[in-house]
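*Asks:* Structure file model.cif, mmCIF, C-alpha atoms, is pasted below:
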```cif
data_data
loop_
_atom_site.group_PDB
_atom_site.id
_atom_site.type_symbol
_atom_site.label_atom_id
_atom_site.label_comp_id
_atom_site.auth_asym_id
_atom_site.auth_seq_id
_atom_site.Cartn_x
_atom_site.Cartn_y
_atom_site.Cartn_z
ATOM 1 C CA MET A 1 34.029 -31.460 -28.181
ATOM 2 C CA ALA A 2 35.133 -32.108 -24.609
ATOM 3 C CA ILE A 3 32.626 -30.939 -21.995
ATOM 4 C CA THR A 4 34.399 -29.547 -18.937
ATOM 5 C CA ALA A 5 33.146 -29.316 -15.372
ATOM 6 C CA ALA A 6 33.225 -25.532 -15.755
ATOM 7 C CA ASP A 7 30.878 -25.781 -18.744
ATOM 8 C CA VAL A 8 28.467 -27.968 -16.802
ATOM 9 C CA ASN A 9 28.544 -25.621 -13.819
ATOM 10 C CA LYS A 10 27.953 -22.601 -16.061
ATOM 11 C CA LEU A 11 24.847 -24.209 -17.570
ATOM 12 C CA ARG A 12 23.664 -25.220 -14.113
ATOM 13 C CA GLN A 13 23.973 -21.615 -12.928
ATOM 14 C CA MET A 14 22.054 -20.432 -15.985
ATOM 15 C CA THR A 15 19.178 -22.904 -15.671
ATOM 16 C CA GLY A 16 19.110 -24.405 -12.191
ATOM 17 C CA ALA A 17 19.063 -27.887 -13.732
ATOM 18 C CA GLY A 18 20.921 -30.820 -12.150
ATOM 19 C CA MET A 19 24.562 -31.497 -12.959
ATOM 20 C CA MET A 20 23.870 -34.674 -14.943
ATOM 21 C CA ASP A 21 21.015 -33.059 -16.870
ATOM 22 C CA CYS A 22 23.322 -30.157 -17.768
ATOM 23 C CA LYS A 23 26.145 -32.469 -18.815
ATOM 24 C CA ASN A 24 23.829 -34.594 -20.956
ATOM 25 C CA ALA A 25 22.325 -31.494 -22.590
ATOM 26 C CA LEU A 26 25.790 -30.150 -23.451
ATOM 27 C CA VAL A 27 26.918 -33.516 -24.815
ATOM 28 C CA GLU A 28 23.724 -33.774 -26.869
ATOM 29 C CA THR A 29 24.251 -30.293 -28.348
ATOM 30 C CA ASN A 30 28.044 -30.541 -28.758
ATOM 31 C CA GLY A 31 28.672 -27.784 -26.198
ATOM 32 C CA ASP A 32 26.259 -25.237 -27.661
ATOM 33 C CA PHE A 33 24.872 -23.453 -24.589
ATOM 34 C CA GLU A 34 21.819 -21.970 -26.308
ATOM 35 C CA ALA A 35 20.889 -25.326 -27.795
ATOM 36 C CA ALA A 36 21.515 -27.004 -24.432
ATOM 37 C CA ILE A 37 19.092 -24.596 -22.746
ATOM 38 C CA ASP A 38 16.503 -25.407 -25.423
ATOM 39 C CA ALA A 39 17.091 -29.130 -24.837
ATOM 40 C CA LEU A 40 16.473 -28.706 -21.120
ATOM 41 C CA ARG A 41 13.313 -26.714 -21.859
ATOM 42 C CA LYS A 42 12.063 -29.469 -24.175
ATOM 43 C CA LYS A 43 12.676 -31.943 -21.380
ATOM 44 C CA GLY A 44 10.509 -29.742 -19.166
ATOM 45 C CA GLN A 45 7.765 -29.801 -21.789
ATOM 46 C CA LYS A 46 7.867 -33.599 -21.875
ATOM 47 C CA VAL A 47 7.690 -33.812 -18.074
ATOM 48 C CA ALA A 48 4.881 -31.245 -18.008
ATOM 49 C CA ALA A 49 2.884 -33.286 -20.521
ATOM 50 C CA LYS A 50 3.344 -36.443 -18.445
ATOM 51 C CA ARG A 51 2.396 -34.750 -15.182
ATOM 52 C CA GLY A 52 -0.419 -32.608 -16.544
ATOM 53 C CA ASP A 53 -3.144 -34.604 -14.772
ATOM 54 C CA ASN A 54 -1.299 -34.745 -11.446
ATOM 55 C CA GLU A 55 -2.577 -32.755 -8.493
ATOM 56 C CA ALA A 56 -0.394 -29.859 -7.370
ATOM 57 C CA LYS A 57 -1.785 -29.074 -3.933
ATOM 58 C CA GLU A 58 1.437 -28.074 -2.194
ATOM 59 C CA GLY A 59 3.376 -24.882 -2.821
ATOM 60 C CA VAL A 60 4.007 -21.450 -1.379
ATOM 61 C CA ILE A 61 2.216 -18.117 -1.247
ATOM 62 C CA PHE A 62 4.117 -14.835 -1.231
ATOM 63 C CA ALA A 63 2.739 -11.317 -0.817
ATOM 64 C CA GLN A 64 4.735 -8.176 -1.618
ATOM 65 C CA THR A 65 4.168 -4.481 -2.222
ATOM 66 C CA THR A 66 5.715 -2.111 -4.738
ATOM 67 C CA ALA A 67 8.517 0.188 -3.591
ATOM 68 C CA ASP A 68 6.111 3.128 -3.277
ATOM 69 C CA GLY A 69 3.670 1.064 -1.211
ATOM 70 C CA LYS A 70 0.746 1.911 -3.476
ATOM 71 C CA SER A 71 0.212 -1.546 -5.004
ATOM 72 C CA GLY A 72 0.569 -5.113 -3.815
ATOM 73 C CA VAL A 73 0.574 -8.640 -5.196
ATOM 74 C CA VAL A 74 -0.214 -11.970 -3.565
ATOM 75 C CA MET A 75 0.634 -15.096 -5.569
ATOM 76 C CA THR A 76 0.426 -18.876 -5.186
ATOM 77 C CA LEU A 77 2.799 -21.178 -7.048
ATOM 78 C CA ASN A 78 1.819 -24.802 -6.594
ATOM 79 C CA CYS A 79 3.933 -27.941 -6.735
ATOM 80 C CA GLU A 80 3.159 -31.577 -5.977
ATOM 81 C CA THR A 81 5.111 -32.242 -2.768
ATOM 82 C CA ASP A 82 5.864 -30.540 0.519
ATOM 83 C CA PHE A 83 9.532 -31.472 -0.023
ATOM 84 C CA VAL A 84 9.744 -29.177 -3.055
ATOM 85 C CA ALA A 85 7.652 -26.442 -1.396
ATOM 86 C CA LYS A 86 10.209 -26.176 1.413
ATOM 87 C CA ASN A 87 13.216 -26.196 -0.909
ATOM 88 C CA GLU A 88 15.155 -22.920 -0.887
ATOM 89 C CA ASP A 89 15.835 -23.006 -4.633
ATOM 90 C CA PHE A 90 12.111 -23.420 -5.333
ATOM 91 C CA ARG A 91 11.271 -20.506 -3.041
ATOM 92 C CA ASN A 92 13.882 -18.352 -4.737
ATOM 93 C CA PHE A 93 12.315 -19.254 -8.070
ATOM 94 C CA VAL A 94 8.864 -18.254 -6.783
ATOM 95 C CA GLN A 95 10.328 -14.974 -5.555
ATOM 96 C CA SER A 96 11.792 -14.290 -8.997
ATOM 97 C CA ILE A 97 8.338 -14.627 -10.552
ATOM 98 C CA LEU A 98 6.745 -12.509 -7.832
ATOM 99 C CA ASP A 99 9.305 -9.766 -8.531
ATOM 100 C CA ILE A 100 8.116 -9.729 -12.152
ATOM 101 C CA ALA A 101 4.494 -9.537 -11.001
ATOM 102 C CA VAL A 102 5.272 -6.656 -8.637
ATOM 103 C CA ALA A 103 7.124 -4.792 -11.388
ATOM 104 C CA ASN A 104 4.316 -5.227 -13.943
ATOM 105 C CA LEU A 105 1.097 -5.651 -11.879
ATOM 106 C CA PRO A 106 -0.544 -8.093 -14.312
ATOM 107 C CA ALA A 107 -4.335 -8.378 -14.206
ATOM 108 C CA SER A 108 -4.343 -12.184 -14.257
ATOM 109 C CA ALA A 109 -2.152 -15.263 -13.985
ATOM 110 C CA GLU A 110 -2.391 -15.653 -17.756
ATOM 111 C CA GLU A 111 -1.044 -12.150 -18.231
ATOM 112 C CA LEU A 112 1.814 -12.872 -15.835
ATOM 113 C CA LEU A 113 2.715 -16.091 -17.676
ATOM 114 C CA ALA A 114 3.012 -14.157 -20.939
ATOM 115 C CA LEU A 115 5.463 -11.611 -19.489
ATOM 116 C CA PRO A 116 9.218 -11.945 -20.190
ATOM 117 C CA TYR A 117 11.149 -13.843 -17.516
ATOM 118 C CA ASN A 118 14.345 -12.564 -19.080
ATOM 119 C CA GLU A 119 15.437 -11.298 -22.487
ATOM 120 C CA LYS A 120 14.992 -14.763 -24.018
ATOM 121 C CA ILE A 121 12.019 -16.584 -22.485
ATOM 122 C CA SER A 122 8.602 -15.921 -20.948
ATOM 123 C CA VAL A 123 7.494 -16.702 -17.396
ATOM 124 C CA GLN A 124 5.523 -19.653 -18.785
ATOM 125 C CA ASP A 125 8.620 -20.981 -20.558
ATOM 126 C CA LYS A 126 10.672 -20.634 -17.372
ATOM 127 C CA ILE A 127 8.070 -22.538 -15.357
ATOM 128 C CA THR A 128 8.104 -25.279 -18.006
ATOM 129 C CA GLU A 129 11.889 -25.366 -17.790
ATOM 130 C CA GLN A 130 11.685 -25.728 -14.006
ATOM 131 C CA ILE A 131 9.196 -28.588 -14.341
ATOM 132 C CA GLY A 132 11.978 -30.450 -16.143
ATOM 133 C CA VAL A 133 14.474 -29.509 -13.428
ATOM 134 C CA ILE A 134 12.240 -30.414 -10.470
ATOM 135 C CA GLY A 135 10.227 -33.230 -12.025
ATOM 136 C CA GLU A 136 6.901 -32.012 -10.615
ATOM 137 C CA LYS A 137 3.891 -30.199 -11.973
ATOM 138 C CA LEU A 138 4.119 -26.452 -11.254
ATOM 139 C CA GLU A 139 1.358 -23.925 -11.746
ATOM 140 C CA ILE A 140 0.307 -20.451 -10.673
ATOM 141 C CA SER A 141 -3.085 -21.130 -9.101
ATOM 142 C CA GLY A 142 -3.680 -17.729 -7.559
ATOM 143 C CA LEU A 143 -2.756 -14.131 -8.351
ATOM 144 C CA GLU A 144 -4.348 -11.023 -6.849
ATOM 145 C CA VAL A 145 -3.303 -7.398 -7.299
ATOM 146 C CA ILE A 146 -4.651 -4.297 -5.549
ATOM 147 C CA SER A 147 -3.748 -0.607 -5.620
ATOM 148 C CA ALA A 148 -4.566 2.046 -3.022
ATOM 149 C CA GLU A 149 -3.113 5.066 -1.258
ATOM 150 C CA LYS A 150 -1.315 2.565 0.986
ATOM 151 C CA VAL A 151 -1.011 -1.206 0.504
ATOM 152 C CA VAL A 152 0.325 -3.506 3.231
ATOM 153 C CA ALA A 153 1.335 -7.162 2.791
ATOM 154 C CA TYR A 154 1.332 -9.931 5.374
ATOM 155 C CA ASN A 155 3.057 -13.296 4.912
ATOM 156 C CA HIS A 156 2.045 -15.886 7.500
ATOM 157 C CA PRO A 157 4.928 -18.038 8.812
ATOM 158 C CA GLY A 158 5.389 -21.074 6.569
ATOM 159 C CA ASN A 159 4.154 -19.218 3.469
ATOM 160 C CA GLN A 160 0.935 -21.205 3.188
ATOM 161 C CA LEU A 161 -1.188 -18.094 3.751
ATOM 162 C CA ALA A 162 -0.799 -14.418 2.841
ATOM 163 C CA ALA A 163 -2.883 -11.278 2.510
ATOM 164 C CA ILE A 164 -2.704 -7.756 1.102
ATOM 165 C CA VAL A 165 -4.773 -4.813 2.351
ATOM 166 C CA GLY A 166 -5.374 -1.432 0.718
ATOM 167 C CA LEU A 167 -5.984 1.680 2.822
ATOM 168 C CA ASN A 168 -7.263 5.138 1.925
ATOM 169 C CA LYS A 169 -4.483 6.977 3.784
ATOM 170 C CA ASN A 170 -0.690 6.789 3.872
ATOM 171 C CA SER A 171 1.042 7.400 7.199
ATOM 172 C CA ASN A 172 3.179 5.529 9.726
ATOM 173 C CA ASP A 173 0.085 4.856 11.856
ATOM 174 C CA ALA A 174 -1.833 3.702 8.793
ATOM 175 C CA GLU A 175 0.935 1.282 7.826
ATOM 176 C CA GLU A 176 0.974 -0.399 11.230
ATOM 177 C CA ALA A 177 -2.822 -0.499 11.332
ATOM 178 C CA GLY A 178 -2.793 -2.025 7.860
ATOM 179 C CA ARG A 179 -0.438 -4.734 9.032
ATOM 180 C CA GLN A 180 -2.813 -5.559 11.889
ATOM 181 C CA VAL A 181 -5.776 -5.676 9.516
ATOM 182 C CA ALA A 182 -3.849 -7.849 7.039
ATOM 183 C CA MET A 183 -3.250 -10.305 9.888
ATOM 184 C CA GLN A 184 -6.997 -10.124 10.644
ATOM 185 C CA VAL A 185 -7.781 -10.958 7.025
ATOM 186 C CA ALA A 186 -5.391 -13.912 7.156
ATOM 187 C CA ALA A 187 -6.854 -15.232 10.412
ATOM 188 C CA MET A 188 -10.572 -14.582 9.932
ATOM 189 C CA ASN A 189 -11.010 -14.951 6.156
ATOM 190 C CA PRO A 190 -13.748 -12.326 5.612
ATOM 191 C CA ILE A 191 -15.880 -12.780 2.497
ATOM 192 C CA ALA A 192 -16.270 -9.067 1.712
ATOM 193 C CA LEU A 193 -15.293 -5.598 2.904
ATOM 194 C CA ASN A 194 -18.819 -4.774 4.154
ATOM 195 C CA LYS A 195 -22.343 -6.118 3.857
ATOM 196 C CA ASP A 196 -23.081 -4.038 0.752
ATOM 197 C CA LEU A 197 -20.391 -5.976 -1.134
ATOM 198 C CA VAL A 198 -21.659 -9.468 -0.243
ATOM 199 C CA ASP A 199 -22.977 -11.073 -3.428
ATOM 200 C CA ALA A 200 -26.684 -11.735 -3.829
ATOM 201 C CA LYS A 201 -26.285 -15.523 -4.074
ATOM 202 C CA THR A 202 -24.551 -15.669 -0.697
ATOM 203 C CA ILE A 203 -27.274 -13.558 0.920
ATOM 204 C CA GLU A 204 -30.001 -15.708 -0.627
ATOM 205 C CA ARG A 205 -28.293 -18.880 0.590
ATOM 206 C CA GLU A 206 -27.854 -17.577 4.136
ATOM 207 C CA LEU A 207 -31.499 -16.466 4.318
ATOM 208 C CA GLU A 208 -32.635 -19.882 3.109
ATOM 209 C CA ILE A 209 -30.437 -21.680 5.632
ATOM 210 C CA GLY A 210 -31.598 -19.377 8.444
ATOM 211 C CA LYS A 211 -35.242 -19.901 7.571
ATOM 212 C CA GLU A 212 -34.858 -23.685 7.334
ATOM 213 C CA LEU A 213 -33.135 -23.823 10.724
ATOM 214 C CA ALA A 214 -35.921 -21.775 12.303
ATOM 215 C CA ILE A 215 -38.580 -24.074 10.838
ATOM 216 C CA GLN A 216 -36.668 -27.095 12.155
ATOM 217 C CA GLU A 217 -36.764 -25.427 15.572
ATOM 218 C CA GLY A 218 -40.554 -25.342 15.324
ATOM 219 C CA LYS A 219 -41.070 -21.687 14.372
ATOM 220 C CA PRO A 220 -43.957 -20.772 12.020
ATOM 221 C CA ALA A 221 -43.004 -19.739 8.484
ATOM 222 C CA ASP A 222 -43.681 -15.979 8.923
ATOM 223 C CA MET A 223 -41.600 -15.863 12.105
ATOM 224 C CA ALA A 224 -38.920 -18.032 10.506
ATOM 225 C CA ALA A 225 -38.378 -15.393 7.814
ATOM 226 C CA LYS A 226 -37.811 -12.690 10.462
ATOM 227 C CA ILE A 227 -35.451 -14.950 12.395
ATOM 228 C CA ALA A 228 -33.515 -15.588 9.183
ATOM 229 C CA GLU A 229 -33.115 -11.802 8.697
ATOM 230 C CA GLY A 230 -31.700 -11.546 12.217
ATOM 231 C CA ARG A 231 -29.277 -14.372 11.588
ATOM 232 C CA LEU A 232 -28.208 -12.700 8.356
ATOM 233 C CA GLY A 233 -27.227 -9.626 10.363
ATOM 234 C CA LYS A 234 -25.063 -11.805 12.603
ATOM 235 C CA PHE A 235 -23.564 -13.426 9.506
ATOM 236 C CA PHE A 236 -22.573 -9.984 8.175
ATOM 237 C CA LYS A 237 -20.915 -9.051 11.486
ATOM 238 C CA GLU A 238 -18.900 -12.250 11.575
ATOM 239 C CA ASN A 239 -17.932 -12.410 7.896
ATOM 240 C CA THR A 240 -17.453 -8.870 6.562
ATOM 241 C CA LEU A 241 -14.109 -7.297 7.385
ATOM 242 C CA LEU A 242 -15.076 -3.879 8.721
ATOM 243 C CA SER A 243 -17.820 -5.344 10.934
ATOM 244 C CA GLN A 244 -15.754 -8.201 12.361
ATOM 245 C CA PRO A 245 -14.564 -7.995 15.968
ATOM 246 C CA PHE A 246 -10.931 -6.897 15.874
ATOM 247 C CA VAL A 247 -8.869 -9.946 16.868
ATOM 248 C CA ARG A 248 -6.513 -7.980 19.144
ATOM 249 C CA ASP A 249 -9.365 -6.235 20.974
ATOM 250 C CA ASN A 250 -12.766 -7.817 20.390
ATOM 251 C CA LYS A 251 -14.497 -4.889 22.077
ATOM 252 C CA LEU A 252 -13.846 -3.011 18.843
ATOM 253 C CA THR A 253 -14.840 -3.814 15.283
ATOM 254 C CA VAL A 254 -12.136 -3.517 12.625
ATOM 255 C CA GLU A 255 -13.802 -0.308 11.461
ATOM 256 C CA GLN A 256 -13.676 1.146 14.990
ATOM 257 C CA PHE A 257 -10.044 0.094 15.394
ATOM 258 C CA LEU A 258 -9.111 1.950 12.206
ATOM 259 C CA GLN A 259 -11.012 5.051 13.296
ATOM 260 C CA SER A 260 -9.250 4.970 16.662
ATOM 261 C CA THR A 261 -5.903 4.810 14.872
ATOM 262 C CA GLU A 262 -6.516 7.747 12.530
ATOM 263 C CA ASN A 263 -9.695 9.678 11.850
ATOM 264 C CA GLY A 264 -11.225 8.623 8.525
ATOM 265 C CA LEU A 265 -8.867 5.683 8.025
ATOM 266 C CA THR A 266 -10.496 2.692 6.332
ATOM 267 C CA VAL A 267 -9.833 -0.294 4.098
ATOM 268 C CA THR A 268 -10.538 0.097 0.384
ATOM 269 C CA ASP A 269 -9.768 -3.478 -0.708
ATOM 270 C CA PHE A 270 -8.166 -6.719 0.438
ATOM 271 C CA LYS A 271 -7.121 -10.075 -1.011
ATOM 272 C CA ARG A 272 -6.236 -13.369 0.669
ATOM 273 C CA LEU A 273 -4.778 -16.623 -0.655
ATOM 274 C CA SER A 274 -4.413 -19.821 1.359
ATOM 275 C CA LEU A 275 -3.166 -23.395 0.980
ATOM 276 C CA ILE A 276 -4.237 -24.268 4.539
#
```
Can you present the structure in this file as structure tokens?

*Replies:*
Amino acid sequence: MAITAADVNKLRQMTGAGMMDCKNALVETNGDFEAAIDALRKKGQKVAAKRGDNEAKEGVIFAQTTADGKSGVVMTLNCETDFVAKNEDFRNFVQSILDIAVANLPASAEELLALPYNEKISVQDKITEQIGVIGEKLEISGLEVISAEKVVAYNHPGNQLAAIVGLNKNSNDAEEAGRQVAMQVAAMNPIALNKDLVDAKTIERELEIGKELAIQEGKPADMAAKIAEGRLGKFFKENTLLSQPFVRDNKLTVEQFLQSTENGLTVTDFKRLSLI
């Protein structure tokens, strides 16, 4: 059958594939749109297999909260080149997947990939289809979800860095404070909420490093252990969120800033993803 320009454009709108790819798929399937979509998806599978070992270090990170502000998602979708990462169609595609994540709050990237993208295909199938369209390896390398009384999202300009922060209270003051703390998380990359949540391996490593440095400085072993404990305290202050100096007023810790905003206000959880 004759393939018209309108047919090609319709398939392009349905799949996002290039005009020639759409025309070829329709010719191959004798104008059967469903079969043409399957043909394009199979092309994506072939491209994905070829590019499976390629590194996908570029991409974008988006953070977004649910309509009620009680949950948030931050997600990284990687590609191979900066050219694709800056493409508006690619970003719109990432947003479409993030919308599904926000609507369903999956516990993992694997769970997100198994969710329906539409009534016909899964998120994984759609990503495979887009690999055929774009010609690059695409993968979800990061997905974090938190829920709290109030969740605030921060997207750093350029979408290479984003953070979500959960708070124990919901108010206008809490929302603005949460935005400031989310920016703090993005800028300062804390390893935990407070010192009690720092994992034992990290503490052991920092004590060992502190002790070794003290010995190198000529301190005896018993004194070196005490010096290492002191340095661990400094490490906690610099690397745990609530103890960090607040970036907009370093006379206050983040915890003190929150208390000054609203009595009893604190962070319950945070997540950060970065390509920088």

*Asks:* Would you work out the distance separating atom CA of A:Asp68 from atom CA of A:Ile127, expressed in Å to one decimal?

*Replies:*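 Computing the Euclidean distance for atom CA of A:Asp68 and atom CA of A:Ile127 yields 28.4 Å.
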
*Asks:* Expand the PyMOL selection byres ((chain A and resi 137) around 8) into the explicit residue set it covers here, and present it as an mmCIF file with C-alpha atoms, in the frame of the given file.

*Replies:*
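Result file expr.cif:
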```cif
data_model
loop_
_atom_site.group_PDB
_atom_site.id
_atom_site.type_symbol
_atom_site.label_atom_id
_atom_site.label_comp_id
_atom_site.auth_asym_id
_atom_site.auth_seq_id
_atom_site.Cartn_x
_atom_site.Cartn_y
_atom_site.Cartn_z
ATOM 1 C CA ALA A 48 4.881 -31.245 -18.008
ATOM 2 C CA ARG A 51 2.396 -34.750 -15.182
ATOM 3 C CA GLY A 52 -0.419 -32.608 -16.544
ATOM 4 C CA ASN A 54 -1.299 -34.745 -11.446
ATOM 5 C CA GLU A 55 -2.577 -32.755 -8.493
ATOM 6 C CA ALA A 56 -0.394 -29.859 -7.370
ATOM 7 C CA ASN A 78 1.819 -24.802 -6.594
ATOM 8 C CA CYS A 79 3.933 -27.941 -6.735
ATOM 9 C CA GLU A 80 3.159 -31.577 -5.977
ATOM 10 C CA ILE A 131 9.196 -28.588 -14.341
ATOM 11 C CA GLY A 135 10.227 -33.230 -12.025
ATOM 12 C CA GLU A 136 6.901 -32.012 -10.615
ATOM 13 C CA LEU A 138 4.119 -26.452 -11.254
ATOM 14 C CA GLU A 139 1.358 -23.925 -11.746
#
```

*Asks:* Specify as a PyMOL selection string each residue included when the PyMOL selection byres ((chain A and resi 162) around 12) is applied to this file.

*Replies:* chain A and resi 60-64+72-76+142-144+152-161+163-165+179+182-187+189+270-276

*Asks:* If we count all atoms listed in the file, what is near A:Lys86 at a cut-off of 9 Å, once residues fewer than 3 positions away on the same chain are taken out, given as a list in words?

*Replies:*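 The contact residues come out as Gly59, Val60, Thr81, Asp82, Phe83, Asp89, Phe90, Arg91 and Gly158 of chain A.
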
*Asks:* Hey, can you check how far atom CA of A:Ala174 sits from atom CA of A:Asp249?

*Replies:*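 Going from atom CA of A:Ala174 over to atom CA of A:Asp249, I get 17.4 Å.
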
*Asks:* Rank A:Asp21, A:Glu88, A:Glu129, A:Glu175 by their smallest atom-to-atom distance to A:Asn9, using only C-alpha atoms, and report the top residue only.

*Replies:*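 Result for the nearest residue to A:Asn9: A:Asp21.
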
*Asks:* Give me the residues near A:Glu212 as a PDB file with C-alpha atoms, in the frame of the given file, where near means some atom within 10 Å (using all atoms listed in the file) and where sequence neighbours in that chain fewer than 6 positions away do not count.

*Replies:*
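That gives us result-v4.pdb:
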```
ATOM      1  CA  GLU A 206     -27.854 -17.577   4.136  1.00  0.00           C
ATOM      2  CA  GLY A 218     -40.554 -25.342  15.324  1.00  0.00           C
ATOM      3  CA  LYS A 219     -41.070 -21.687  14.372  1.00  0.00           C
ATOM      4  CA  ALA A 221     -43.004 -19.739   8.484  1.00  0.00           C
ATOM      5  CA  ALA A 224     -38.920 -18.032  10.506  1.00  0.00           C
ATOM      6  CA  ALA A 225     -38.378 -15.393   7.814  1.00  0.00           C
ATOM      7  CA  ALA A 228     -33.515 -15.588   9.183  1.00  0.00           C
TER       8      ALA A 228
END
```

*Asks:* Hey, what's within 8 Å of A:Ser147 if we count only C-alpha atoms and toss same-chain stuff fewer than 6 positions away? As a list of chain:residue names, please?

*Replies:* A:Lys70, A:Ser71, A:Gly72, A:Gly166

*Asks:* Between A:Arg231, A:Ala109, A:Glu58, A:Ile134, single out the one closest to A:Ile209, counting all atoms listed in the file.

*Replies:*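 For A:Ile209, the nearest of the candidates is A:Arg231.
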
*Asks:* Calculate how many Å separate atom CA of A:Thr266 from atom CA of A:Asn168, rounding to one decimal.

*Replies:* 6.0 Å

*Asks:* Given 5 Å of margin on each side, can you work out the centre and size in Å (one decimal) of an axis-aligned box holding every listed atom of stretch 259-274 of chain A, as lines of an AutoDock Vina configuration file?

*Replies:*
```
center_x = -7.8
center_y = -5.1
center_z = 7.8
size_x = 16.8
size_y = 39.5
size_z = 27.7
```

*Asks:* Pick out the closest residue to A:Thr66 from this set: A:Lys169, A:Lys150, A:Lys23, A:Lys10. Count all atoms listed in the file.

*Replies:*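 Using all atoms listed in the file, A:Thr66 sits closest to A:Lys150.
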
*Asks:* Can you pull out the residues contacting A:Phe246? Cut-off 9 Å, using only C-alpha atoms, and skip same-chain residues under 3 positions away; I want them as JSON, numbers by chain.

*Replies:* {"A": [181, 184, 242, 243, 249, 250, 251, 252, 253, 254, 255, 256, 257]}

*Asks:* Given the PyMOL selection byres ((chain A and resi 102) around 7) and the file above, list the residues it selects as an NGL selection string.

*Replies:* :A and (65-66 or 72-73 or 98-101 or 103-105)

*Asks:* Go ahead and write the residues just picked, C-alpha atoms, as a short mmCIF file (atom, residue, chain, number, x, y, z; two decimals), in the frame of the given file.

*Replies:*
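As a result, out.cif now contains:
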```cif
data_model
loop_
_atom_site.label_atom_id
_atom_site.label_comp_id
_atom_site.auth_asym_id
_atom_site.auth_seq_id
_atom_site.Cartn_x
_atom_site.Cartn_y
_atom_site.Cartn_z
CA THR A 65 4.17 -4.48 -2.22
CA THR A 66 5.72 -2.11 -4.74
CA GLY A 72 0.57 -5.11 -3.82
CA VAL A 73 0.57 -8.64 -5.20
CA LEU A 98 6.74 -12.51 -7.83
CA ASP A 99 9.30 -9.77 -8.53
CA ILE A 100 8.12 -9.73 -12.15
CA ALA A 101 4.49 -9.54 -11.00
CA ALA A 103 7.12 -4.79 -11.39
CA ASN A 104 4.32 -5.23 -13.94
CA LEU A 105 1.10 -5.65 -11.88
#
```

*Asks:* With only C-alpha atoms as the atoms that count, which of A:Gln95, A:Gln180, A:Asn170, A:Gln124 lies nearest to A:Arg248?

*Replies:* A:Gln180

*Asks:* Got a moment to write stretch 143-158 of chain A out with C-alpha atoms, as an mmCIF file, in the first residue's frame?

*Replies:*
```
data_model
loop_
_atom_site.group_PDB
_atom_site.id
_atom_site.type_symbol
_atom_site.label_atom_id
_atom_site.label_comp_id
_atom_site.auth_asym_id
_atom_site.auth_seq_id
_atom_site.Cartn_x
_atom_site.Cartn_y
_atom_site.Cartn_z
ATOM 1 C CA LEU A 143 16.196 6.411 41.752
ATOM 2 C CA GLU A 144 15.412 7.584 45.282
ATOM 3 C CA VAL A 145 12.007 8.040 46.903
ATOM 4 C CA ILE A 146 11.169 9.532 50.305
ATOM 5 C CA SER A 147 7.934 10.289 52.146
ATOM 6 C CA ALA A 148 7.403 12.701 55.038
ATOM 7 C CA GLU A 149 4.967 15.260 56.400
ATOM 8 C CA LYS A 150 6.497 17.675 53.880
ATOM 9 C CA VAL A 151 8.883 16.860 51.017
ATOM 10 C CA VAL A 152 10.710 19.567 49.057
ATOM 11 C CA ALA A 153 12.607 19.074 45.780
ATOM 12 C CA TYR A 154 15.519 21.079 44.423
ATOM 13 C CA ASN A 155 16.774 20.876 40.831
ATOM 14 C CA HIS A 156 20.156 22.525 40.312
ATOM 15 C CA PRO A 157 20.464 24.544 37.073
ATOM 16 C CA GLY A 158 21.607 22.271 34.246
#
```
